[in-house]
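> Handing over target-v9.cif, mmCIF, C-alpha atoms.
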```cif
data_upload
#
loop_
_atom_site.label_atom_id
_atom_site.label_comp_id
_atom_site.auth_asym_id
_atom_site.auth_seq_id
_atom_site.Cartn_x
_atom_site.Cartn_y
_atom_site.Cartn_z
CA MET A 4 -15.30 1.67 -29.40
CA GLU A 5 -18.21 3.94 -28.47
CA LYS A 6 -17.91 5.74 -25.17
CA ASP A 7 -21.35 4.60 -23.96
CA LYS A 8 -20.39 1.02 -24.58
CA LEU A 9 -17.66 1.23 -21.95
CA LYS A 10 -20.10 0.72 -19.09
CA SER A 11 -21.56 -2.44 -20.54
CA ILE A 12 -18.10 -3.90 -21.22
CA TRP A 13 -16.99 -2.95 -17.71
CA LYS A 14 -19.91 -4.85 -16.21
CA THR A 15 -18.94 -8.03 -18.03
CA ILE A 16 -15.31 -8.03 -16.93
CA PRO A 17 -15.01 -11.28 -14.98
CA VAL A 18 -13.91 -11.31 -11.37
CA GLN A 19 -12.85 -14.59 -9.84
CA PRO A 20 -15.22 -15.10 -6.91
CA LYS A 21 -13.71 -15.98 -3.55
CA SER A 22 -15.39 -18.55 -1.38
CA ASP A 23 -16.60 -17.64 2.12
CA ILE A 24 -13.73 -19.73 3.52
CA GLU A 25 -11.20 -17.74 1.49
CA LEU A 26 -12.79 -14.43 2.53
CA THR A 27 -12.84 -15.48 6.21
CA LYS A 28 -9.12 -16.28 6.02
CA MET A 29 -8.46 -12.81 4.60
CA LEU A 30 -9.89 -11.15 7.71
CA LYS A 31 -7.08 -12.59 9.81
CA GLU A 32 -4.06 -10.42 10.42
CA GLN A 33 -1.64 -13.32 9.94
CA ASN A 34 -2.72 -13.59 6.29
CA HIS A 35 -2.09 -9.92 5.47
CA PRO A 36 0.81 -9.81 2.94
CA VAL A 37 2.38 -6.51 3.98
CA LEU A 38 1.91 -7.06 7.71
CA ASN A 39 3.37 -10.53 7.35
CA ALA A 40 6.46 -9.21 5.59
CA ILE A 41 6.97 -6.51 8.25
CA LYS A 42 6.35 -9.06 10.99
CA LYS A 43 8.93 -11.49 9.57
CA GLN A 44 11.57 -8.76 9.25
CA ALA A 45 10.75 -7.34 12.68
CA PHE A 46 10.83 -10.80 14.27
CA PHE A 47 14.21 -11.54 12.71
CA GLU A 48 15.66 -8.21 13.85
CA LEU A 49 14.07 -8.43 17.29
CA PHE A 50 15.55 -11.90 17.70
CA ALA A 51 18.98 -10.62 16.64
CA PHE A 52 18.74 -7.56 18.92
CA ALA A 53 17.47 -9.59 21.87
CA SER A 54 20.23 -12.20 21.41
CA PHE A 55 22.78 -9.43 21.23
CA LEU A 56 21.44 -7.75 24.37
CA VAL A 57 21.52 -11.06 26.25
CA CYS A 58 25.15 -11.82 25.47
CA TYR A 59 26.82 -8.47 24.71
CA TYR A 60 27.68 -7.82 28.37
CA THR A 61 29.97 -10.85 28.55
CA MET A 62 30.87 -11.50 24.91
CA PHE A 63 31.49 -7.91 23.84
CA ASP A 64 33.06 -6.70 27.06
CA GLY A 65 29.98 -4.83 28.22
CA ALA A 66 31.25 -5.09 31.78
CA LYS A 67 34.43 -3.23 30.84
CA LYS A 68 32.60 -0.36 29.11
CA SER A 69 31.29 2.71 30.85
CA SER A 70 27.69 2.85 32.03
CA LEU A 71 27.03 5.58 29.48
CA ALA A 72 28.25 3.33 26.64
CA ASN A 73 26.06 0.47 27.86
CA LEU A 74 23.11 2.81 28.16
CA ALA A 75 23.71 4.21 24.66
CA LEU A 76 23.72 0.70 23.21
CA VAL A 77 20.56 -0.43 24.96
CA PHE A 78 18.83 2.86 24.05
CA ALA A 79 19.82 2.57 20.37
CA ILE A 80 18.52 -1.00 20.14
CA SER A 81 15.31 -0.19 22.01
CA ILE A 82 14.56 2.77 19.73
CA ASN A 83 14.90 0.51 16.68
CA MET A 84 12.68 -2.18 18.19
CA LEU A 85 10.02 0.44 18.95
CA HIS A 86 10.36 1.85 15.45
CA HIS A 87 9.64 -1.57 13.95
CA PHE A 88 6.52 -1.78 16.03
CA LYS A 89 5.43 1.65 14.79
CA GLY A 90 5.94 0.58 11.17
CA TYR A 91 3.75 -2.41 11.80
CA ARG A 92 1.06 -0.19 13.34
CA LEU A 93 1.23 2.20 10.39
CA GLN A 94 0.21 -0.62 8.05
CA GLN A 95 -2.20 -2.16 10.51
CA ILE A 96 -4.36 0.87 11.30
CA PHE A 97 -7.53 1.46 9.38
CA ARG A 98 -6.74 4.04 6.74
CA ALA A 99 -10.11 5.14 5.36
CA SER A 100 -12.30 7.60 7.20
CA GLU A 101 -13.83 10.48 5.18
CA ASN A 102 -12.99 10.43 1.52
CA VAL A 103 -10.11 9.19 -0.60
CA LEU A 104 -8.48 12.61 -0.94
CA GLU A 105 -8.60 13.42 2.77
CA ASP A 106 -7.40 9.96 3.75
CA LEU A 107 -4.49 10.10 1.31
CA LYS A 108 -3.47 13.51 2.67
CA ARG A 109 -3.42 12.11 6.21
CA PHE A 110 -1.52 9.03 5.08
CA ALA A 111 1.09 11.20 3.34
CA VAL A 112 1.61 13.18 6.56
CA LYS A 113 2.00 9.96 8.56
CA LEU A 114 4.48 8.59 6.01
CA LYS A 115 6.49 11.81 6.10
CA SER A 116 6.77 11.59 9.86
CA TYR A 117 7.61 7.88 9.66
CA GLN A 118 10.32 8.65 7.08
CA LEU A 119 11.93 11.13 9.49
CA GLU A 120 11.63 8.71 12.40
CA THR A 121 13.22 5.95 10.29
CA LEU A 122 16.25 8.12 9.60
CA ILE A 123 16.52 9.19 13.24
CA ALA A 124 16.20 5.56 14.44
CA LYS A 125 18.98 4.45 12.08
CA ILE A 126 21.26 7.31 13.10
CA VAL A 127 20.62 6.62 16.79
CA PHE A 128 21.36 2.93 16.14
CA ILE A 129 24.72 3.50 14.50
CA ALA A 130 25.62 6.20 17.05
CA GLY A 131 24.77 3.87 19.94
CA MET A 132 26.82 1.06 18.38
CA GLY A 133 29.68 3.47 17.71
CA ILE A 134 29.72 4.81 21.26
CA PHE A 135 29.65 1.29 22.71
CA PHE A 136 32.32 -0.30 20.56
CA THR A 137 34.73 2.61 20.60
CA ASN A 138 34.37 3.16 24.33
CA GLY A 139 37.52 2.28 26.26
CA ILE A 140 39.60 1.22 23.26
CA GLN A 141 42.76 2.75 21.89
CA LEU A 142 41.88 4.29 18.52
CA THR A 143 44.78 3.58 16.16
CA ALA A 144 44.99 4.88 12.58
CA ASN A 145 43.68 1.56 11.22
CA LYS A 146 40.70 1.69 13.56
CA TRP A 147 39.94 5.24 12.44
CA TRP A 148 40.00 4.05 8.83
CA ALA A 149 37.64 1.22 9.72
CA ILE A 150 35.28 3.64 11.47
CA GLY A 151 35.42 5.94 8.44
CA LEU A 152 34.52 3.04 6.16
CA ILE A 153 31.61 2.04 8.36
CA VAL A 154 30.33 5.64 8.38
CA ILE A 155 30.53 5.81 4.57
CA ILE A 156 28.67 2.51 4.13
CA PHE A 157 26.07 3.56 6.68
CA THR A 158 25.59 6.96 5.02
CA MET A 159 25.06 5.30 1.65
CA GLN A 160 22.53 2.95 3.20
CA LEU A 161 20.79 5.93 4.78
CA ILE A 162 20.65 7.80 1.46
CA PHE A 163 19.19 4.74 -0.26
CA LEU A 164 16.63 4.22 2.49
CA ASN A 165 15.64 7.86 2.35
CA SER A 166 15.21 7.76 -1.42
CA VAL A 167 12.84 4.78 -1.06
CA TRP A 168 10.68 6.80 1.34
CA VAL A 169 10.88 9.94 -0.79
CA ASN A 170 9.62 7.96 -3.79
CA ARG A 171 6.75 6.44 -1.81
CA ILE A 172 5.64 9.83 -0.49
CA ARG A 173 6.09 11.44 -3.90
CA LYS A 174 3.82 8.81 -5.46
CA ILE A 175 1.03 9.60 -3.00
CA LYS A 176 1.50 13.36 -3.46
CA THR A 177 1.41 13.00 -7.25
CA THR A 178 -1.90 11.12 -7.02
CA LEU A 179 -3.26 13.82 -4.70
CA MET A 180 -2.38 16.47 -7.28
CA GLU A 181 -3.95 14.40 -10.04
CA PHE A 182 -7.17 14.23 -8.04
CA GLU A 183 -7.21 17.94 -7.29
CA ASN A 184 -6.41 19.12 -10.81
CA ALA A 185 -9.33 18.96 -13.22
CA MET B 24 -22.19 -5.75 13.35
CA SER B 25 -20.91 -9.30 13.33
CA GLU B 26 -18.32 -11.08 11.23
CA THR B 27 -21.11 -13.09 9.61
CA GLN B 28 -22.93 -9.93 8.51
CA PHE B 29 -19.70 -8.47 7.19
CA LEU B 30 -18.85 -11.64 5.25
CA GLN B 31 -22.30 -11.70 3.74
CA LEU B 32 -22.01 -8.10 2.54
CA LEU B 33 -18.44 -8.69 1.40
CA SER B 34 -19.37 -11.79 -0.52
CA GLN B 35 -22.14 -9.91 -2.34
CA ASN B 36 -19.83 -6.99 -3.15
CA GLN B 37 -16.52 -8.73 -3.73
CA GLY B 38 -16.71 -7.83 -7.42
CA ILE B 39 -15.88 -4.25 -6.39
CA ILE B 40 -12.60 -5.37 -4.83
CA GLY B 41 -11.83 -7.54 -7.84
CA LYS B 42 -12.42 -4.69 -10.27
CA VAL B 43 -10.26 -2.28 -8.26
CA CYS B 44 -7.48 -4.87 -8.07
CA SER B 45 -7.75 -5.46 -11.81
CA ILE B 46 -7.13 -1.82 -12.65
CA TYR B 47 -4.33 -1.26 -10.11
CA CYS B 48 -2.39 -4.51 -10.48
CA ASN B 49 -0.39 -5.86 -13.37
CA HIS B 50 0.40 -9.22 -11.90
CA ARG B 51 -1.68 -12.05 -10.47
CA GLU B 52 0.36 -12.15 -7.25
CA ASP B 53 -0.11 -8.40 -6.77
CA TYR B 54 -3.83 -8.82 -7.42
CA GLU B 55 -4.20 -11.43 -4.70
CA ASP B 56 -2.14 -9.40 -2.20
CA LEU B 57 -4.17 -6.26 -2.84
CA PHE B 58 -7.44 -8.19 -2.63
CA GLN B 59 -6.34 -9.48 0.77
CA GLU B 60 -5.22 -6.04 1.91
CA ILE B 61 -8.50 -4.37 0.92
CA THR B 62 -10.55 -7.12 2.59
CA TYR B 63 -8.54 -6.75 5.78
CA GLN B 64 -8.85 -2.94 5.75
CA ALA B 65 -12.60 -3.18 5.16
CA TRP B 66 -12.96 -5.58 8.08
CA LYS B 67 -10.85 -3.34 10.33
CA GLY B 68 -13.06 -0.37 9.45
CA PHE B 69 -16.38 -2.15 9.41
CA ALA B 70 -17.20 -0.94 12.93
CA SER B 71 -17.13 2.62 11.57
CA PHE B 72 -19.64 1.76 8.83
CA ARG B 73 -22.89 3.24 10.09
CA GLY B 74 -24.99 2.48 7.06
CA ASP B 75 -25.43 6.17 6.07
CA ALA B 76 -24.13 5.26 2.64
CA LYS B 77 -24.55 2.03 0.68
CA PHE B 78 -22.08 -0.70 1.65
CA SER B 79 -20.88 -0.80 -1.97
CA THR B 80 -20.06 2.95 -1.89
CA TRP B 81 -18.22 2.55 1.40
CA LEU B 82 -16.32 -0.49 0.11
CA TYR B 83 -15.29 1.38 -3.05
CA ARG B 84 -13.78 4.12 -0.89
CA ILE B 85 -11.81 1.62 1.18
CA ALA B 86 -10.71 -0.29 -1.92
CA LEU B 87 -9.51 2.77 -3.83
CA ASN B 88 -7.81 4.22 -0.78
CA THR B 89 -5.96 0.97 -0.08
CA ALA B 90 -5.03 0.43 -3.73
CA ILE B 91 -3.56 3.91 -4.08
CA SER B 92 -1.74 3.97 -0.76
CA SER B 93 -0.38 0.43 -0.77
CA PHE B 94 3.18 -0.19 -1.90
CA ARG B 95 3.16 -2.78 -4.60
CA LYS B 96 6.17 -4.08 -6.42
CA ARG B 97 6.10 -2.88 -9.98
CA LYS B 98 6.12 -5.93 -12.17
CA PRO B 99 5.77 -6.26 -15.93
CA ASN B 100 2.25 -5.92 -17.24
CA ILE B 101 0.84 -9.40 -17.53
CA ASP B 102 -2.70 -9.92 -18.73
CA PHE B 103 -4.37 -12.15 -16.20
CA LEU B 104 -7.92 -11.74 -17.45
CA SER B 105 -7.52 -14.98 -19.37
CA GLU B 106 -6.30 -16.71 -16.21
CA ILE B 107 -9.75 -16.67 -14.66
CA PRO B 108 -11.29 -19.90 -15.87
CA ASP B 109 -13.93 -20.23 -13.15
CA THR B 110 -15.94 -17.25 -14.24
CA VAL B 111 -15.24 -16.92 -17.89
CA THR B 112 -18.41 -17.86 -19.69
CA GLU B 113 -18.52 -18.82 -23.31
CA THR B 114 -18.10 -15.46 -24.87
CA SER B 115 -16.77 -14.67 -28.25
CA THR B 116 -13.14 -13.73 -28.80
CA PHE B 117 -14.31 -10.30 -29.84
CA GLU B 118 -16.00 -9.71 -26.49
CA GLU B 119 -12.97 -11.04 -24.62
CA ASP B 120 -10.76 -8.69 -26.59
CA GLU B 121 -13.00 -5.74 -25.73
CA LYS B 122 -12.69 -6.51 -22.02
CA LYS B 123 -8.92 -6.89 -22.25
CA HIS B 124 -8.58 -3.70 -24.25
CA LEU B 125 -10.71 -1.72 -21.82
CA LEU B 126 -8.72 -2.95 -18.81
CA ALA B 127 -5.45 -2.29 -20.61
CA ALA B 128 -6.61 1.20 -21.58
CA ILE B 129 -7.68 2.03 -18.01
CA LYS B 130 -4.29 0.87 -16.75
CA GLN B 131 -2.64 3.45 -19.00
CA LEU B 132 -4.39 6.23 -17.06
CA ASN B 133 -2.86 7.76 -13.97
CA GLU B 134 -3.95 6.36 -10.58
CA ALA B 135 -6.41 9.18 -9.84
CA ASP B 136 -8.11 8.90 -13.24
CA ARG B 137 -8.43 5.12 -12.80
CA ALA B 138 -10.36 5.68 -9.57
CA VAL B 139 -12.70 8.25 -11.12
CA ILE B 140 -13.45 6.21 -14.24
CA ALA B 141 -14.05 3.02 -12.24
CA LEU B 142 -16.71 4.80 -10.19
CA TYR B 143 -18.24 6.27 -13.34
CA LEU B 144 -18.34 2.88 -15.05
CA GLU B 145 -20.10 1.50 -11.95
CA GLU B 146 -22.99 3.87 -12.78
CA MET B 147 -22.35 6.13 -9.80
CA SER B 148 -23.70 9.67 -9.96
CA TYR B 149 -21.35 12.67 -10.03
CA GLN B 150 -22.52 13.43 -6.50
CA GLU B 151 -21.54 9.94 -5.28
CA ILE B 152 -18.18 10.09 -7.05
CA ALA B 153 -17.51 13.53 -5.58
CA ALA B 154 -18.32 12.26 -2.08
CA ILE B 155 -16.11 9.17 -2.40
CA ILE B 156 -13.11 11.00 -3.86
CA GLY B 157 -13.51 14.28 -1.96
CA ILE B 158 -13.60 16.66 -4.94
CA THR B 159 -16.37 18.90 -6.28
CA GLU B 160 -19.08 17.58 -8.61
CA ASN B 161 -17.92 20.10 -11.16
CA ASN B 162 -14.40 18.67 -11.02
CA VAL B 163 -15.85 15.16 -11.41
CA GLY B 164 -17.71 16.23 -14.54
CA VAL B 165 -14.65 17.83 -16.10
CA LYS B 166 -12.49 14.83 -15.23
CA ILE B 167 -14.93 12.28 -16.64
CA THR B 168 -15.21 14.10 -19.93
CA ARG B 169 -11.42 14.29 -20.18
CA ILE B 170 -10.86 10.67 -19.13
CA LYS B 171 -13.52 9.34 -21.53
CA ASN B 172 -11.87 11.21 -24.37
CA LYS B 173 -8.49 9.85 -23.37
CA LEU B 174 -9.85 6.30 -23.14
CA HIS B 175 -11.54 6.68 -26.50
CA GLN B 176 -8.26 7.84 -27.96
CA ILE B 177 -6.34 4.92 -26.43
CA LEU B 178 -8.91 2.39 -27.56
CA THR B 179 -9.12 3.67 -31.11
CA ASN B 180 -5.46 4.44 -31.67
CA GLY B 181 -3.96 1.93 -29.29
CA LYS B 182 -1.88 4.70 -27.74
CA ARG B 183 -2.32 7.75 -25.52
#
```
Turn this file's structure into structure tokens for me.


Amino acid sequence: MEKDKLKSIWKTIPVQPKSDIELTKMLKEQNHPVLNAIKKQAFFELFAFASFLVCYYTMFDGAKKSSLANLALVFAISINMLHHFKGYRLQQIFRASENVLEDLKRFAVKLKSYQLETLIAKIVFIAGMGIFFTNGIQLTANKWWAIGLIVIIFTMQLIFLNSVWVNRIRKIKTTLMEFENA
Amino acid sequence: MSETQFLQLLSQNQGIIGKVCSIYCNHREDYEDLFQEITYQAWKGFASFRGDAKFSTWLYRIALNTAISSFRKRKPNIDFLSEIPDTVTETSTFEEDEKKHLLAAIKQLNEADRAVIALYLEEMSYQEIAAIIGITENNVGVKITRIKNKLHQILTNGKR
């Protein structure tokens, strides 16, 4: 295939036209695929957190725990709820401003900071839960084993989560390098 | 500018979004999601469009930016060019094959090269491409020569 012919072939590649109704629907936030997925997950978690906060005081002996333990729990849950909101905003904000290279650089920086915040939010969450549930109880050997197991599972989850973010950021950085190299 | 004005411009230039989705997506579902995402991003940023550049140039920037930065699930490469019955005119099998081969060849390039070659194939000048991507005109020239050679190699040999 001749190189000059590429442009003429490119022009004839068919693109399924969208109707004005379809395009209008696409302008609405509730039809955005990524935002919708984040919203669903956030709604589910917010519902779970809110339900927990409503009933933990009576059902999980909140009244018998120290004020510090109660505060730690509420703080840990609040941080995670806020973090979900930030994730939503990260996808929602308009990403293009100057040129592709500059915008990708800014996006990579934002992702890097979000990655760190994700890890911190998760650690704060498990620490808050740990402080609350271990407060005022007699820690027997079995309970220590259980805590150890929870910490191992949580650490593995954290490593997996981090690797997902590392791969996402690496992909953007690789593309940046590909743009910059001739 | 109003939603009506935006929709009018978008409707006239939606081929740009379609082409970008075609070179960055391997699956119909991914294509539709990315199309939606680009449209939404363009609408969100439309207030910042001052008309200094052509709408098509601006839209290309948004589309490429969104395509590269969005997190799509990697799915097996499925040719969906033949799944577009509404627009496929009566062309010969040979012409259809050429289109499929070109798209398939572009998809073998890295994400940055796909962006550069798409702009080149849209008849944009080196200056316009440099402004959209944010690299020097000289770099654009070097890249295009390299990418065209690579594409030529893929299309003739069927491999990189």

> Per residue of chain A within 9 Å of chain B, record the nearest atom pair and its distance in Å to one decimal, counting all atoms listed in the file, with rows in chain order and ascending residue number, as a tab-separated table.


```
residue	atom	partner	partner_atom	distance
A:Met4	CA	B:Leu178	CA	6.7
A:Glu5	CA	B:His175	CA	7.5
A:Lys6	CA	B:His175	CA	6.6
A:Leu9	CA	B:Leu144	CA	7.1
A:Lys10	CA	B:Leu144	CA	4.9
A:Ser11	CA	B:Leu144	CA	8.3
A:Ile12	CA	B:Lys122	CA	6.1
A:Trp13	CA	B:Leu144	CA	6.5
A:Lys14	CA	B:Glu145	CA	7.6
A:Thr15	CA	B:Lys122	CA	7.6
A:Ile16	CA	B:Lys122	CA	5.9
A:Pro17	CA	B:Thr110	CA	6.1
A:Val18	CA	B:Gly41	CA	5.6
A:Gln19	CA	B:Thr110	CA	6.0
A:Pro20	CA	B:Gln37	CA	7.2
A:Lys21	CA	B:Ser34	CA	7.7
A:Ser22	CA	B:Ser34	CA	7.9
A:Asp23	CA	B:Ser34	CA	7.0
A:Leu26	CA	B:Leu30	CA	7.2
A:Thr27	CA	B:Leu30	CA	7.2
A:Met29	CA	B:Gln59	CA	5.5
A:Leu30	CA	B:Tyr63	CA	5.0
A:Lys31	CA	B:Tyr63	CA	7.2
A:Glu32	CA	B:Tyr63	CA	7.4
A:Asn34	CA	B:Gln59	CA	7.8
A:His35	CA	B:Glu60	CA	6.1
A:Pro36	CA	B:Asp56	CA	5.9
A:Val37	CA	B:Glu60	CA	7.9
A:Gln94	CA	B:Ser93	CA	8.9
A:Gln95	CA	B:Gln64	CA	8.2
A:Ile96	CA	B:Lys67	CA	7.8
A:Phe97	CA	B:Gly68	CA	5.8
A:Arg98	CA	B:Gln64	CA	7.4
A:Ala99	CA	B:Ile85	CA	5.7
A:Ser100	CA	B:Ser71	CA	8.2
A:Glu101	CA	B:Ile155	CA	8.0
A:Asn102	CA	B:Ile155	CA	5.2
A:Val103	CA	B:Ile156	CA	4.8
A:Leu104	CA	B:Gly157	CA	5.4
A:Glu105	CA	B:Gly157	CA	6.9
A:Asp106	CA	B:Asn88	CA	7.3
A:Leu107	CA	B:Ser92	CA	7.0
A:Phe110	CA	B:Ser92	CA	7.7
A:Ala111	CA	B:Ser92	CA	8.8
A:Arg171	CA	B:Phe94	CA	7.5
A:Lys174	CA	B:Ser92	CA	8.7
A:Ile175	CA	B:Ser92	CA	6.7
A:Thr178	CA	B:Ala135	CA	5.7
A:Leu179	CA	B:Ala135	CA	7.6
A:Met180	CA	B:Ala135	CA	8.7
A:Glu181	CA	B:Ala135	CA	5.8
A:Phe182	CA	B:Ala135	CA	5.4
A:Glu183	CA	B:Ile158	CA	6.9
A:Asn184	CA	B:Asn162	CA	8.0
A:Ala185	CA	B:Asn162	CA	5.5
```

> Measure the distance from CA of Cys58 (chain A) to CA of Val77 (chain A) in Å and round it to one decimal.

12.3 Å

> So how far away is CA of Thr168 (chain B) from CA of Tyr149 (chain B), in Å?

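Separating CA of Tyr149 (chain B) from CA of Thr168 (chain B) is a distance of 11.7 Å.
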
> I'd like the interatomic distance between CA of Tyr60 (chain A) and CA of Met84 (chain A), to a tenth of an Å.

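Distance between the two atoms: 19.0 Å.
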
> Taking all atoms listed in the file into account, which of A:Phe78, A:Trp148, A:Phe50, A:Trp168 comes nearest Gly131 (chain A)?

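Once distances to Gly131 (chain A) are computed over all atoms listed in the file, the minimum belongs to A:Phe78.
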
> Pick out the residues sitting within 12 Å of Leu49 (chain A), and hand them over as a ChimeraX atom specification; count all atoms listed in the file, and ignore anything fewer than 3 positions along from it in its own chain.

/A:41-46,52-57,80-88

> Calculated over all atoms listed in the file, which of the candidates A:Lys108, A:Leu164, A:Thr143, A:Phe136 has the smallest distance to Leu122 (chain A)?

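Looking at the shortest contact to Leu122 (chain A), the residue is A:Leu164.
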
> Apply the PyMOL selection byres ((chain A and resi 117) around 9) to the file shown and report the selected residues as a compact mmCIF listing (two decimals) with C-alpha atoms, in the frame of the given file.


```
# COMPACT_ATOMS: atom_id res chain seq x y z
CA HIS A 86 10.36 1.85 15.45
CA LYS A 89 5.43 1.65 14.79
CA GLY A 90 5.94 0.58 11.17
CA LEU A 93 1.23 2.20 10.39
CA VAL A 112 1.61 13.18 6.56
CA LYS A 113 2.00 9.96 8.56
CA LEU A 114 4.48 8.59 6.01
CA LYS A 115 6.49 11.81 6.10
CA SER A 116 6.77 11.59 9.86
CA GLN A 118 10.32 8.65 7.08
CA LEU A 119 11.93 11.13 9.49
CA GLU A 120 11.63 8.71 12.40
CA THR A 121 13.22 5.95 10.29
CA LEU A 122 16.25 8.12 9.60
CA TRP A 168 10.68 6.80 1.34
```

> I want to know what sits within 12 Å of Ile140 (chain A), based on all atoms listed in the file, with residues of the same chain fewer than 5 positions away left out; could you give that as a list in words?

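Here the answer would be Asp64, Lys67, Lys68, Ser69, Gly133, Ile134, Phe135, Lys146 and Trp147 of chain A.
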
> Using all atoms listed in the file, which of the listed residues (B:Ser25, B:Met147, B:Val43, B:Tyr54) sits closest to Lys77 (chain B)?

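Comparing B:Ser25, B:Met147, B:Val43, B:Tyr54 against Lys77 (chain B), the winner is B:Met147.
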
> Could you add whatever atoms are missing so that region 154-174 of chain B carries N, CA and C atoms, then write the result as a tab-separated table (two decimals), keeping the file's coordinate frame?


```tsv
chain	number	residue	atom	x	y	z
B	154	ALA	N	-18.36	12.58	-3.52
B	154	ALA	CA	-18.32	12.26	-2.08
B	154	ALA	C	-17.24	11.22	-1.78
B	155	ILE	N	-17.11	10.22	-2.63
B	155	ILE	CA	-16.11	9.17	-2.40
B	155	ILE	C	-14.70	9.74	-2.53
B	156	ILE	N	-14.47	10.50	-3.61
B	156	ILE	CA	-13.11	11.00	-3.86
B	156	ILE	C	-12.78	12.21	-2.97
B	157	GLY	N	-13.78	13.08	-2.75
B	157	GLY	CA	-13.51	14.28	-1.96
B	157	GLY	C	-13.20	15.49	-2.83
B	158	ILE	N	-13.77	15.50	-4.05
B	158	ILE	CA	-13.60	16.66	-4.94
B	158	ILE	C	-15.01	17.18	-5.29
B	159	THR	N	-15.06	18.32	-5.97
B	159	THR	CA	-16.37	18.90	-6.28
B	159	THR	C	-17.03	18.14	-7.45
B	160	GLU	N	-18.35	18.24	-7.51
B	160	GLU	CA	-19.08	17.58	-8.61
B	160	GLU	C	-18.64	18.14	-9.95
B	161	ASN	N	-18.37	19.44	-9.94
B	161	ASN	CA	-17.92	20.10	-11.16
B	161	ASN	C	-16.60	19.49	-11.65
B	162	ASN	N	-15.70	19.28	-10.70
B	162	ASN	CA	-14.40	18.67	-11.02
B	162	ASN	C	-14.61	17.25	-11.56
B	163	VAL	N	-15.57	16.52	-10.96
B	163	VAL	CA	-15.85	15.16	-11.41
B	163	VAL	C	-16.29	15.19	-12.88
B	164	GLY	N	-17.20	16.12	-13.18
B	164	GLY	CA	-17.71	16.23	-14.54
B	164	GLY	C	-16.61	16.51	-15.54
B	165	VAL	N	-15.76	17.46	-15.20
B	165	VAL	CA	-14.65	17.83	-16.10
B	165	VAL	C	-13.71	16.64	-16.29
B	166	LYS	N	-13.41	15.96	-15.16
B	166	LYS	CA	-12.49	14.83	-15.23
B	166	LYS	C	-13.06	13.71	-16.09
B	167	ILE	N	-14.34	13.39	-15.89
B	167	ILE	CA	-14.93	12.28	-16.64
B	167	ILE	C	-14.92	12.54	-18.14
B	168	THR	N	-15.24	13.77	-18.50
B	168	THR	CA	-15.21	14.10	-19.93
B	168	THR	C	-13.80	13.90	-20.49
B	169	ARG	N	-12.82	14.39	-19.74
B	169	ARG	CA	-11.42	14.29	-20.18
B	169	ARG	C	-10.96	12.82	-20.25
B	170	ILE	N	-11.32	12.07	-19.19
B	170	ILE	CA	-10.86	10.67	-19.13
B	170	ILE	C	-11.53	9.85	-20.24
B	171	LYS	N	-12.82	10.10	-20.47
B	171	LYS	CA	-13.52	9.34	-21.53
B	171	LYS	C	-12.88	9.61	-22.89
B	172	ASN	N	-12.54	10.87	-23.10
B	172	ASN	CA	-11.87	11.21	-24.37
B	172	ASN	C	-10.53	10.51	-24.49
B	173	LYS	N	-9.82	10.49	-23.37
B	173	LYS	CA	-8.49	9.85	-23.37
B	173	LYS	C	-8.64	8.35	-23.63
B	174	LEU	N	-9.61	7.74	-22.96
B	174	LEU	CA	-9.85	6.30	-23.14
B	174	LEU	C	-10.23	6.01	-24.59
```
